[in-house]
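S.K.: PDB, C-alpha atoms and all ligand atoms, file protein-v6.pdb:
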```pdb
ATOM      1  CA  MET A   1       0.000   0.000   0.000  1.00  0.00           C
ATOM      2  CA  THR A   2       1.660   3.232  -1.126  1.00  0.00           C
ATOM      3  CA  ASP A   3      -0.733   5.596   0.597  1.00  0.00           C
ATOM      4  CA  CYS A   4      -0.765   4.080   4.064  1.00  0.00           C
ATOM      5  CA  ILE A   5       1.021   5.971   6.831  1.00  0.00           C
ATOM      6  CA  PHE A   6       1.793   2.826   8.841  1.00  0.00           C
ATOM      7  CA  CYS A   7       3.186   1.050   5.742  1.00  0.00           C
ATOM      8  CA  LYS A   8       5.450   4.070   5.327  1.00  0.00           C
ATOM      9  CA  ILE A   9       6.516   3.854   8.966  1.00  0.00           C
ATOM     10  CA  ALA A  10       7.154   0.102   8.536  1.00  0.00           C
ATOM     11  CA  ALA A  11       9.274   0.859   5.451  1.00  0.00           C
ATOM     12  CA  GLY A  12      11.232   3.548   7.315  1.00  0.00           C
ATOM     13  CA  GLU A  13       9.943   6.274   4.975  1.00  0.00           C
ATOM     14  CA  ILE A  14       8.305   8.110   7.888  1.00  0.00           C
ATOM     15  CA  PRO A  15      10.220   8.264  11.169  1.00  0.00           C
ATOM     16  CA  SER A  16       8.852   6.723  14.337  1.00  0.00           C
ATOM     17  CA  ARG A  17      10.060   6.167  17.877  1.00  0.00           C
ATOM     18  CA  LYS A  18      10.616   2.439  17.705  1.00  0.00           C
ATOM     19  CA  VAL A  19       9.916   0.138  20.602  1.00  0.00           C
ATOM     20  CA  TYR A  20      10.610  -3.150  18.781  1.00  0.00           C
ATOM     21  CA  GLU A  21      11.127  -4.409  15.255  1.00  0.00           C
ATOM     22  CA  ASP A  22      11.634  -7.742  13.555  1.00  0.00           C
ATOM     23  CA  GLU A  23      10.977  -9.048  10.047  1.00  0.00           C
ATOM     24  CA  ASP A  24       7.213  -9.324  10.603  1.00  0.00           C
ATOM     25  CA  ILE A  25       6.141  -6.655  13.077  1.00  0.00           C
ATOM     26  CA  LEU A  26       6.943  -3.196  14.344  1.00  0.00           C
ATOM     27  CA  ALA A  27       6.105  -1.449  17.609  1.00  0.00           C
ATOM     28  CA  PHE A  28       6.394   2.322  17.956  1.00  0.00           C
ATOM     29  CA  HIS A  29       5.230   5.082  20.276  1.00  0.00           C
ATOM     30  CA  ASP A  30       1.915   6.720  19.484  1.00  0.00           C
ATOM     31  CA  ILE A  31       2.434  10.281  18.248  1.00  0.00           C
ATOM     32  CA  LYS A  32      -0.459  11.501  20.433  1.00  0.00           C
ATOM     33  CA  PRO A  33      -0.145   9.504  23.649  1.00  0.00           C
ATOM     34  CA  ALA A  34      -3.380   8.986  25.569  1.00  0.00           C
ATOM     35  CA  ALA A  35      -1.568   7.556  28.606  1.00  0.00           C
ATOM     36  CA  PRO A  36       1.949   7.747  30.121  1.00  0.00           C
ATOM     37  CA  VAL A  37       2.816   4.629  28.119  1.00  0.00           C
ATOM     38  CA  HIS A  38       1.165   4.411  24.700  1.00  0.00           C
ATOM     39  CA  PHE A  39       2.582   2.499  21.821  1.00  0.00           C
ATOM     40  CA  LEU A  40       1.227   0.611  18.817  1.00  0.00           C
ATOM     41  CA  ILE A  41       2.120  -2.785  17.435  1.00  0.00           C
ATOM     42  CA  ILE A  42       1.544  -3.425  13.710  1.00  0.00           C
ATOM     43  CA  PRO A  43       2.190  -6.188  11.213  1.00  0.00           C
ATOM     44  CA  LYS A  44       4.567  -4.958   8.503  1.00  0.00           C
ATOM     45  CA  LYS A  45       2.147  -6.435   5.968  1.00  0.00           C
ATOM     46  CA  HIS A  46      -0.740  -4.134   5.110  1.00  0.00           C
ATOM     47  CA  ILE A  47      -3.939  -5.504   6.625  1.00  0.00           C
ATOM     48  CA  PRO A  48      -6.610  -2.757   6.824  1.00  0.00           C
ATOM     49  CA  THR A  49      -8.562  -3.804   9.918  1.00  0.00           C
ATOM     50  CA  LEU A  50      -9.001  -6.613  12.407  1.00  0.00           C
ATOM     51  CA  ALA A  51     -12.054  -7.610  10.375  1.00  0.00           C
ATOM     52  CA  ASP A  52      -9.731  -8.290   7.404  1.00  0.00           C
ATOM     53  CA  VAL A  53      -7.393 -10.628   9.255  1.00  0.00           C
ATOM     54  CA  ALA A  54      -7.324 -13.938   7.400  1.00  0.00           C
ATOM     55  CA  GLU A  55      -6.174 -17.425   8.309  1.00  0.00           C
ATOM     56  CA  ASN A  56      -2.737 -16.869   6.776  1.00  0.00           C
ATOM     57  CA  ASP A  57      -2.283 -13.845   9.054  1.00  0.00           C
ATOM     58  CA  ILE A  58      -2.570 -15.961  12.203  1.00  0.00           C
ATOM     59  CA  PRO A  59       1.223 -16.284  12.696  1.00  0.00           C
ATOM     60  CA  VAL A  60       1.870 -12.538  12.504  1.00  0.00           C
ATOM     61  CA  MET A  61      -1.149 -11.601  14.636  1.00  0.00           C
ATOM     62  CA  GLY A  62      -0.132 -14.277  17.134  1.00  0.00           C
ATOM     63  CA  LYS A  63       3.356 -12.815  17.256  1.00  0.00           C
ATOM     64  CA  ILE A  64       1.906  -9.387  18.022  1.00  0.00           C
ATOM     65  CA  MET A  65      -0.038 -10.803  20.962  1.00  0.00           C
ATOM     66  CA  ALA A  66       2.968 -12.797  22.128  1.00  0.00           C
ATOM     67  CA  VAL A  67       5.307  -9.769  22.306  1.00  0.00           C
ATOM     68  CA  ALA A  68       2.725  -7.325  23.724  1.00  0.00           C
ATOM     69  CA  GLY A  69       3.267  -8.212  27.378  1.00  0.00           C
ATOM     70  CA  LYS A  70       7.034  -8.262  27.092  1.00  0.00           C
ATOM     71  CA  LEU A  71       7.169  -4.870  25.381  1.00  0.00           C
ATOM     72  CA  ALA A  72       4.664  -3.371  27.817  1.00  0.00           C
ATOM     73  CA  LYS A  73       6.856  -4.418  30.752  1.00  0.00           C
ATOM     74  CA  GLN A  74       9.939  -3.130  28.994  1.00  0.00           C
ATOM     75  CA  GLU A  75       8.216   0.246  28.557  1.00  0.00           C
ATOM     76  CA  GLY A  76       7.324   0.476  32.233  1.00  0.00           C
ATOM     77  CA  CYS A  77       3.949  -1.245  32.584  1.00  0.00           C
ATOM     78  CA  HIS A  78       4.745  -3.291  35.668  1.00  0.00           C
ATOM     79  CA  ASP A  79       1.221  -3.782  36.956  1.00  0.00           C
ATOM     80  CA  GLY A  80      -0.874  -4.312  33.844  1.00  0.00           C
ATOM     81  CA  PHE A  81      -1.876  -2.369  30.776  1.00  0.00           C
ATOM     82  CA  ARG A  82      -4.787  -1.940  28.397  1.00  0.00           C
ATOM     83  CA  THR A  83      -4.940  -3.337  24.870  1.00  0.00           C
ATOM     84  CA  ILE A  84      -7.250  -1.694  22.331  1.00  0.00           C
ATOM     85  CA  VAL A  85      -8.012  -2.519  18.710  1.00  0.00           C
ATOM     86  CA  ASN A  86     -10.323  -0.015  17.029  1.00  0.00           C
ATOM     87  CA  THR A  87     -12.060  -1.495  14.014  1.00  0.00           C
ATOM     88  CA  GLY A  88     -13.827   0.337  11.207  1.00  0.00           C
ATOM     89  CA  ARG A  89     -16.210   3.291  11.349  1.00  0.00           C
ATOM     90  CA  VAL A  90     -18.126   2.166  14.418  1.00  0.00           C
ATOM     91  CA  GLY A  91     -14.877   1.334  16.196  1.00  0.00           C
ATOM     92  CA  CYS A  92     -13.633   4.869  15.370  1.00  0.00           C
ATOM     93  CA  GLN A  93     -10.545   3.525  13.594  1.00  0.00           C
ATOM     94  CA  GLU A  94      -8.450   6.388  12.205  1.00  0.00           C
ATOM     95  CA  VAL A  95      -5.555   4.587  10.542  1.00  0.00           C
ATOM     96  CA  TYR A  96      -6.617   1.720   8.302  1.00  0.00           C
ATOM     97  CA  HIS A  97      -3.616  -0.519   8.882  1.00  0.00           C
ATOM     98  CA  VAL A  98      -4.404  -2.910  11.697  1.00  0.00           C
ATOM     99  CA  HIS A  99      -2.679  -2.044  14.984  1.00  0.00           C
ATOM    100  CA  ILE A 100      -3.042  -2.757  18.630  1.00  0.00           C
ATOM    101  CA  HIS A 101      -2.734   0.019  21.161  1.00  0.00           C
ATOM    102  CA  ILE A 102      -0.858  -0.715  24.373  1.00  0.00           C
ATOM    103  CA  LEU A 103      -1.701   1.812  27.088  1.00  0.00           C
ATOM    104  CA  GLY A 104      -0.385   1.951  30.600  1.00  0.00           C
ATOM    105  CA  GLY A 105       1.331   3.829  33.362  1.00  0.00           C
ATOM    106  CA  ASP A 106       1.164   3.830  37.127  1.00  0.00           C
ATOM    107  CA  LYS A 107      -2.525   4.533  37.612  1.00  0.00           C
ATOM    108  CA  PRO A 108      -5.626   2.610  36.500  1.00  0.00           C
ATOM    109  CA  LEU A 109      -6.772   4.073  33.192  1.00  0.00           C
ATOM    110  CA  GLY A 110     -10.533   4.200  33.663  1.00  0.00           C
ATOM    111  CA  LEU A 111     -12.878   3.769  30.725  1.00  0.00           C
ATOM    112  CA  MET A 112     -11.170   5.872  28.013  1.00  0.00           C
ATOM    113  CA  LEU A 113     -13.944   5.788  25.444  1.00  0.00           C
ATOM    114  CA  GLY A 114     -13.419   9.453  24.680  1.00  0.00           C
ATOM    115  CA  LYS A 115     -13.343   9.477  20.890  1.00  0.00           C
TER     116      LYS A 115
HETATM  117  P1  LIG B   1      -6.874   4.335  15.644  1.00  0.00           P
HETATM  118  O1  LIG B   1      -7.894   5.367  15.981  1.00  0.00           O
HETATM  119  O2  LIG B   1      -6.986   3.093  16.464  1.00  0.00           O
HETATM  120  O3  LIG B   1      -6.808   4.086  14.165  1.00  0.00           O
HETATM  121  O4  LIG B   1      -5.502   4.966  16.113  1.00  0.00           O
HETATM  122  C1  LIG B   1      -4.546   5.508  15.275  1.00  0.00           C
HETATM  123  C2  LIG B   1      -3.435   5.989  16.175  1.00  0.00           C
HETATM  124  O5  LIG B   1      -2.300   6.261  15.379  1.00  0.00           O
HETATM  125  C3  LIG B   1      -3.769   7.282  16.940  1.00  0.00           C
HETATM  126  O6  LIG B   1      -3.636   7.060  18.337  1.00  0.00           O
HETATM  127  C4  LIG B   1      -2.726   8.272  16.419  1.00  0.00           C
HETATM  128  O7  LIG B   1      -2.265   9.161  17.409  1.00  0.00           O
HETATM  129  C5  LIG B   1      -1.624   7.347  15.925  1.00  0.00           C
HETATM  130  N1  LIG B   1      -0.775   7.899  14.859  1.00  0.00           N
HETATM  131  C6  LIG B   1      -1.166   8.515  13.720  1.00  0.00           C
HETATM  132  N2  LIG B   1      -0.103   8.866  12.982  1.00  0.00           N
HETATM  133  C7  LIG B   1       0.995   8.450  13.676  1.00  0.00           C
HETATM  134  C8  LIG B   1       2.396   8.525  13.449  1.00  0.00           C
HETATM  135  N3  LIG B   1       2.915   9.099  12.340  1.00  0.00           N
HETATM  136  N4  LIG B   1       3.231   8.010  14.378  1.00  0.00           N
HETATM  137  C9  LIG B   1       2.727   7.449  15.500  1.00  0.00           C
HETATM  138  N5  LIG B   1       1.424   7.326  15.767  1.00  0.00           N
HETATM  139  C10 LIG B   1       0.567   7.831  14.883  1.00  0.00           C
HETATM  140 ZN    ZN B   2      -0.499  -0.156   5.572  1.00  0.00          ZN
END
```
Could I get this file's structure written as structure tokens?
Ligand code: AMP
Ligand code: ZN

M.R.:
Amino acid sequence: MTDCIFCKIAAGEIPSRKVYEDEDILAFHDIKPAAPVHFLIIPKKHIPTLADVAENDIPVMGKIMAVAGKLAKQEGCHDGFRTIVNTGRVGCQEVYHVHIHILGGDKPLGLMLGK
């Protein structure tokens, strides 16, 4: 996808504050943090939304879930964190390249439905 901001970040064409990278996935800090810790994890492959995830995407999506806890701890979430995936119009998704938000800090985050 040439016109996708997260594809461009994955390709290194747009800078990001990287948290983790390997051949399949990338984690980077959210540009507009909604909590003291707020980063995103994406597959490098362009998948528009969670509703578009197919069977052959299971390994990469599994990898994202498998690293989430480790990265959260590494970024300072020592007593839990919140994971959010916004999907489509009703889910108020803004960037149509699937990503999971990891949000945390010292204090409980409350409801955070403020979009
Ligand atoms: P969503 O509403 O789930 O699609 O969230 C998209 C998220 O991407 C928002 O929290 C934005 O702040 C974040 N975002 C947009 N552009 C960038 C960027 N260039 N670098 C980092 N985060 C970004
Ligand atoms: Zn993309």

S.K.: Quick one: residues within 10 Å of ligand ZN 2 (chain B), with only C-alpha atoms and all ligand atoms, as an MDAnalysis selection string?

M.R.: chainID A and resid 1:11 42:49 95:99

S.K.: How many Å separate atom CA of Phe81 of chain A from atom CA of Leu103 of chain A?

M.R.: 5.6 Å

S.K.: Could you check which of A:His101, A:Lys70, A:Lys63, A:His78 is closest to ligand LIG 1 (chain B), using only C-alpha atoms and all ligand atoms?

M.R.: A:His101

S.K.: Report as a list in words the residues that result from applying the PyMOL selection byres (((not hetatm)) within 7 of (chain B and resi 1)) to the structure here.

M.R.: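 So the PyMOL selection byres (((not hetatm)) within 7 of (chain B and resi 1)) ends up selecting Ile5, Ser16, Phe28, His29, Asp30, Ile31, Lys32, Pro33, Val85, Asn86, Cys92, Gln93, Glu94, Val95, Tyr96 and His99 of chain A.
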
S.K.: Now that the selection is made, can you save its residues with C-alpha atoms as a PDB file, in the frame of the given file?

M.R.:
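Okay, again13.pdb is ready:
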```pdb
ATOM      1  CA  ILE A   5       1.021   5.971   6.831  1.00  0.00           C
ATOM      2  CA  SER A  16       8.852   6.723  14.337  1.00  0.00           C
ATOM      3  CA  PHE A  28       6.394   2.322  17.956  1.00  0.00           C
ATOM      4  CA  HIS A  29       5.230   5.082  20.276  1.00  0.00           C
ATOM      5  CA  ASP A  30       1.915   6.720  19.484  1.00  0.00           C
ATOM      6  CA  ILE A  31       2.434  10.281  18.248  1.00  0.00           C
ATOM      7  CA  LYS A  32      -0.459  11.501  20.433  1.00  0.00           C
ATOM      8  CA  PRO A  33      -0.145   9.504  23.649  1.00  0.00           C
ATOM      9  CA  VAL A  85      -8.012  -2.519  18.710  1.00  0.00           C
ATOM     10  CA  ASN A  86     -10.323  -0.015  17.029  1.00  0.00           C
ATOM     11  CA  CYS A  92     -13.633   4.869  15.370  1.00  0.00           C
ATOM     12  CA  GLN A  93     -10.545   3.525  13.594  1.00  0.00           C
ATOM     13  CA  GLU A  94      -8.450   6.388  12.205  1.00  0.00           C
ATOM     14  CA  VAL A  95      -5.555   4.587  10.542  1.00  0.00           C
ATOM     15  CA  TYR A  96      -6.617   1.720   8.302  1.00  0.00           C
ATOM     16  CA  HIS A  99      -2.679  -2.044  14.984  1.00  0.00           C
TER      17      HIS A  99
END
```

S.K.: Please write the residues picked by the PyMOL selection byres (((chain A and resi 22) around 12) and not hetatm) on this file as an MDAnalysis selection string.

M.R.: chainID A and resid 10 18:21 23:27 41:44 60 63:64 67

S.K.: With C-alpha atoms retained, write the just-selected residues as a PDB file, keeping the file's coordinate frame.

M.R.:
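Wrote out-v7.pdb, looks like this:
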```pdb
ATOM      1  CA  ALA A  10       7.154   0.102   8.536  1.00  0.00           C
ATOM      2  CA  LYS A  18      10.616   2.439  17.705  1.00  0.00           C
ATOM      3  CA  VAL A  19       9.916   0.138  20.602  1.00  0.00           C
ATOM      4  CA  TYR A  20      10.610  -3.150  18.781  1.00  0.00           C
ATOM      5  CA  GLU A  21      11.127  -4.409  15.255  1.00  0.00           C
ATOM      6  CA  GLU A  23      10.977  -9.048  10.047  1.00  0.00           C
ATOM      7  CA  ASP A  24       7.213  -9.324  10.603  1.00  0.00           C
ATOM      8  CA  ILE A  25       6.141  -6.655  13.077  1.00  0.00           C
ATOM      9  CA  LEU A  26       6.943  -3.196  14.344  1.00  0.00           C
ATOM     10  CA  ALA A  27       6.105  -1.449  17.609  1.00  0.00           C
ATOM     11  CA  ILE A  41       2.120  -2.785  17.435  1.00  0.00           C
ATOM     12  CA  ILE A  42       1.544  -3.425  13.710  1.00  0.00           C
ATOM     13  CA  PRO A  43       2.190  -6.188  11.213  1.00  0.00           C
ATOM     14  CA  LYS A  44       4.567  -4.958   8.503  1.00  0.00           C
ATOM     15  CA  VAL A  60       1.870 -12.538  12.504  1.00  0.00           C
ATOM     16  CA  LYS A  63       3.356 -12.815  17.256  1.00  0.00           C
ATOM     17  CA  ILE A  64       1.906  -9.387  18.022  1.00  0.00           C
ATOM     18  CA  VAL A  67       5.307  -9.769  22.306  1.00  0.00           C
TER      19      VAL A  67
END
```

S.K.: Find the spatial neighbours of Pro108 of chain A, counting only C-alpha atoms, within a cut-off of 12 Å - ignore same-chain residues fewer than 4 positions away - and output them as a list in words.

M.R.: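 Surrounding residues, per the criterion: Ala35, Pro36, Cys77, His78, Asp79, Gly80, Phe81, Arg82, Leu103, Gly104 and Met112 of chain A.
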
S.K.: Rank A:Leu111, A:Val37, A:Leu50, A:Ile58 by their smallest atom-to-atom distance to Glu75 of chain A, using all atoms listed in the file, and report the top residue only.

M.R.: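 Ranked by minimum distance to Glu75 of chain A, first place goes to A:Val37.
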